Amino acid sequence: MLSFFKKKAAKSEEAANGKTMKAYLTGKVIPIEEVNDGVFSAKIMGDGIAIIPENEVLTAPADGEITVVMDGSFHAVGMRLDNGVEVLLHIGVDTVGMNGEGFKPYVTVGDKVKTGDNLIGFSKSAIAAHGLRDVTMLIVTNGDECPPVKLMSGMDAVAGETVVAQM
């Protein structure tokens with residue numbers, strides 16, 4: 001029984017020390033190569049994963065600081081994690097053209113966030129009404145400058161709980 005508590009404490013410590021990223025949405029985690037957009041699937045912006053969301057609130061994958069909120073469109077947010085890894089979280093494919101319709105930002109540049117904090121609310125139905133997909137990407141944008149990041153996919157994830165990357 002004590003070993004169970006030690007393992008649970010070790011997992012909590014890993015998250016607190018910036019050694020993991022948690023799912024930023026609830027849904028199916030897929031490899032970035034399966035995203036139907038050449039910029040993401042070819043890893044032009046960096047390596048990553050994608051989640052086909054079941055919920056409509058994008059959350060912080062780890063502790064860090066908000067570095068970018070796409071002004072006007074609110075379809076993407078950038079973060080610098082406490083361990084120096086920089087990520088871009090991008091809701092949907094071609095959603096920039098929605099000009100903010102169906103998106104509600106909960107953060108601004110400079111905000112400090114914790115794992116699981118709400119970043120952006122979005123409407124799956126508004127995205128679908130524009131004929132777009134709501135698959136949501138997490139891209140490591142400074143992969144050449146940060147510690148190695150092991151991305152995981154091929155599972156169903158729960159936002160704020162399921163580990164999707166180890167650093």
# chains A, B, ... in the order shown; residues from 1 in each chain; ligands from 1
call {"tool": "residues_around", "arguments": {"residues": "stretch 128-137 of chain A", "least_positions_apart": "4", "cutoff": "10 Å", "atoms": "only C-alpha atoms", "output": "ChimeraX atom specification"}}
result
/A:24-25,27-32,35-36,40,47-54,56,58,75-76,87-95,97-98,122-124
call {"tool": "select_by_dssp", "arguments": {"residues": "stretch 62-133 of chain A", "states": "strand (DSSP E or B)", "output": "PyMOL selection string"}}
result
chain A and resi 64-69+76-81+86-91+103-105+112-113+118-122
call {"tool": "atom_distance", "arguments": {"atom1": "atom CA of A:Lys112", "atom2": "atom CA of A:Val96"}}
result
24.6 Å
call {"tool": "residues_around", "arguments": {"residues": "A:Ala62", "least_positions_apart": "5", "cutoff": "8 Å", "atoms": "only C-alpha atoms", "output": "PDB file with N, CA and C atoms, in the first residue's frame"}}
result
ATOM      1  N   ALA A  15       5.031  16.222 -12.476  1.00  0.00           N
ATOM      2  CA  ALA A  15       4.231  17.289 -13.084  1.00  0.00           C
ATOM      3  C   ALA A  15       4.659  18.644 -12.535  1.00  0.00           C
ATOM      4  N   GLY A  18       7.861  20.037 -14.048  1.00  0.00           N
ATOM      5  CA  GLY A  18       7.859  20.281 -15.484  1.00  0.00           C
ATOM      6  C   GLY A  18       8.360  19.117 -16.311  1.00  0.00           C
ATOM      7  N   THR A  20       6.387  16.558 -17.329  1.00  0.00           N
ATOM      8  CA  THR A  20       5.322  16.019 -18.171  1.00  0.00           C
ATOM      9  C   THR A  20       4.420  17.144 -18.675  1.00  0.00           C
ATOM     10  N   MET A  21       3.733  16.843 -19.779  1.00  0.00           N
ATOM     11  CA  MET A  21       2.633  17.688 -20.238  1.00  0.00           C
ATOM     12  C   MET A  21       1.386  16.826 -20.187  1.00  0.00           C
ATOM     13  N   LYS A  22       0.298  17.423 -19.737  1.00  0.00           N
ATOM     14  CA  LYS A  22      -0.977  16.717 -19.643  1.00  0.00           C
ATOM     15  C   LYS A  22      -1.842  17.072 -20.851  1.00  0.00           C
ATOM     16  N   LEU A  81       6.764  27.043 -21.156  1.00  0.00           N
ATOM     17  CA  LEU A  81       6.634  26.241 -19.947  1.00  0.00           C
ATOM     18  C   LEU A  81       7.744  26.593 -18.978  1.00  0.00           C
ATOM     19  N   VAL A 113       0.138  30.490 -15.738  1.00  0.00           N
ATOM     20  CA  VAL A 113      -0.906  29.471 -15.660  1.00  0.00           C
ATOM     21  C   VAL A 113      -0.344  28.177 -15.083  1.00  0.00           C
ATOM     22  N   LYS A 114      -1.240  27.382 -14.555  1.00  0.00           N
ATOM     23  CA  LYS A 114      -0.921  26.066 -14.010  1.00  0.00           C
ATOM     24  C   LYS A 114      -1.560  25.001 -14.894  1.00  0.00           C
ATOM     25  N   THR A 115      -1.039  23.799 -14.830  1.00  0.00           N
ATOM     26  CA  THR A 115      -1.599  22.673 -15.574  1.00  0.00           C
ATOM     27  C   THR A 115      -3.105  22.599 -15.345  1.00  0.00           C
ATOM     28  N   GLY A 116      -3.864  22.536 -16.426  1.00  0.00           N
ATOM     29  CA  GLY A 116      -5.313  22.402 -16.328  1.00  0.00           C
ATOM     30  C   GLY A 116      -6.080  23.710 -16.305  1.00  0.00           C
TER      31      GLY A 116
END
call {"tool": "atom_distance", "arguments": {"atom1": "atom CA of A:Ala23", "atom2": "atom CA of A:Val149"}}
result
14.5 Å
call {"tool": "select_by_dssp", "arguments": {"residues": "stretch 20-147 of chain A", "states": "helix (DSSP H, G or I)", "output": "mmCIF file with N, CA and C atoms, in the first residue's frame"}}
result
data_model
loop_
_atom_site.group_PDB
_atom_site.id
_atom_site.type_symbol
_atom_site.label_atom_id
_atom_site.label_comp_id
_atom_site.auth_asym_id
_atom_site.auth_seq_id
_atom_site.Cartn_x
_atom_site.Cartn_y
_atom_site.Cartn_z
ATOM 1 N N ILE A 32 0.765 13.928 -35.010
ATOM 2 C CA ILE A 32 0.657 15.162 -35.792
ATOM 3 C C ILE A 32 0.618 14.863 -37.294
ATOM 4 N N GLU A 33 1.250 13.774 -37.707
ATOM 5 C CA GLU A 33 1.277 13.408 -39.122
ATOM 6 C C GLU A 33 -0.114 13.102 -39.681
ATOM 7 N N GLU A 34 -1.078 12.810 -38.805
ATOM 8 C CA GLU A 34 -2.436 12.488 -39.250
ATOM 9 C C GLU A 34 -3.330 13.715 -39.408
ATOM 10 N N GLY A 38 -0.946 20.425 -44.280
ATOM 11 C CA GLY A 38 0.466 20.217 -44.579
ATOM 12 C C GLY A 38 1.429 20.915 -43.645
ATOM 13 N N VAL A 39 1.082 22.096 -43.154
ATOM 14 C CA VAL A 39 1.978 22.822 -42.247
ATOM 15 C C VAL A 39 2.193 22.028 -40.965
ATOM 16 N N PHE A 40 1.105 21.468 -40.430
ATOM 17 C CA PHE A 40 1.220 20.709 -39.185
ATOM 18 C C PHE A 40 1.759 19.305 -39.425
ATOM 19 N N SER A 41 1.190 18.584 -40.403
ATOM 20 C CA SER A 41 1.584 17.186 -40.608
ATOM 21 C C SER A 41 3.028 17.044 -41.071
ATOM 22 N N THR A 95 -9.005 27.775 -38.849
ATOM 23 C CA THR A 95 -9.966 28.510 -38.023
ATOM 24 C C THR A 95 -9.622 29.988 -37.867
ATOM 25 N N VAL A 96 -8.431 30.401 -38.278
ATOM 26 C CA VAL A 96 -8.073 31.819 -38.216
ATOM 27 C C VAL A 96 -9.095 32.648 -38.992
ATOM 28 N N GLY A 97 -9.645 32.092 -40.066
ATOM 29 C CA GLY A 97 -10.615 32.792 -40.894
ATOM 30 C C GLY A 97 -11.966 33.006 -40.236
ATOM 31 N N MET A 98 -12.187 32.405 -39.066
ATOM 32 C CA MET A 98 -13.442 32.609 -38.345
ATOM 33 C C MET A 98 -13.448 33.953 -37.614
ATOM 34 N N LYS A 124 -17.472 23.877 -30.860
ATOM 35 C CA LYS A 124 -17.309 22.845 -31.885
ATOM 36 C C LYS A 124 -18.341 23.037 -32.998
ATOM 37 N N SER A 125 -19.561 23.438 -32.629
ATOM 38 C CA SER A 125 -20.609 23.612 -33.642
ATOM 39 C C SER A 125 -20.318 24.806 -34.545
ATOM 40 N N ALA A 126 -19.745 25.884 -34.008
ATOM 41 C CA ALA A 126 -19.386 27.039 -34.848
ATOM 42 C C ALA A 126 -18.285 26.658 -35.837
ATOM 43 N N ILE A 127 -17.316 25.878 -35.372
ATOM 44 C CA ILE A 127 -16.237 25.429 -36.261
ATOM 45 C C ILE A 127 -16.818 24.558 -37.374
ATOM 46 N N ALA A 128 -17.698 23.626 -37.002
ATOM 47 C CA ALA A 128 -18.325 22.740 -37.992
ATOM 48 C C ALA A 128 -19.198 23.531 -38.969
ATOM 49 N N ALA A 129 -19.884 24.571 -38.478
ATOM 50 C CA ALA A 129 -20.747 25.393 -39.340
ATOM 51 C C ALA A 129 -19.945 26.097 -40.438
#
call {"tool": "closest_residue", "arguments": {"among": "A:Thr108, A:Asn83, A:Thr141, A:Thr67", "to": "A:Lys43", "atoms": "only C-alpha atoms"}}
result
A:Thr141
call {"tool": "atom_distance", "arguments": {"atom1": "atom CA of A:Val109", "atom2": "atom CA of A:Val68"}}
result
5.6 Å
call {"tool": "residues_around", "arguments": {"residues": "A:Gly84", "least_positions_apart": "4", "cutoff": "9 Å", "atoms": "only C-alpha atoms", "output": "MDAnalysis selection string"}}
result
chainID A and resid 64 80 142 145:147
call {"tool": "write_last_selection", "arguments": {"atoms": "C-alpha atoms", "output": "short mmCIF file (atom, residue, chain, number, x, y, z; two decimals), in the first residue's frame"}}
result
data_model
loop_
_atom_site.label_atom_id
_atom_site.label_comp_id
_atom_site.auth_asym_id
_atom_site.auth_seq_id
_atom_site.Cartn_x
_atom_site.Cartn_y
_atom_site.Cartn_z
CA GLY A 64 4.08 28.26 -17.64
CA ARG A 80 6.67 29.08 -22.45
CA ASN A 142 11.65 25.39 -29.92
CA GLU A 145 16.72 24.55 -28.16
CA CYS A 146 15.04 22.62 -25.35
CA PRO A 147 15.36 19.29 -23.58
#
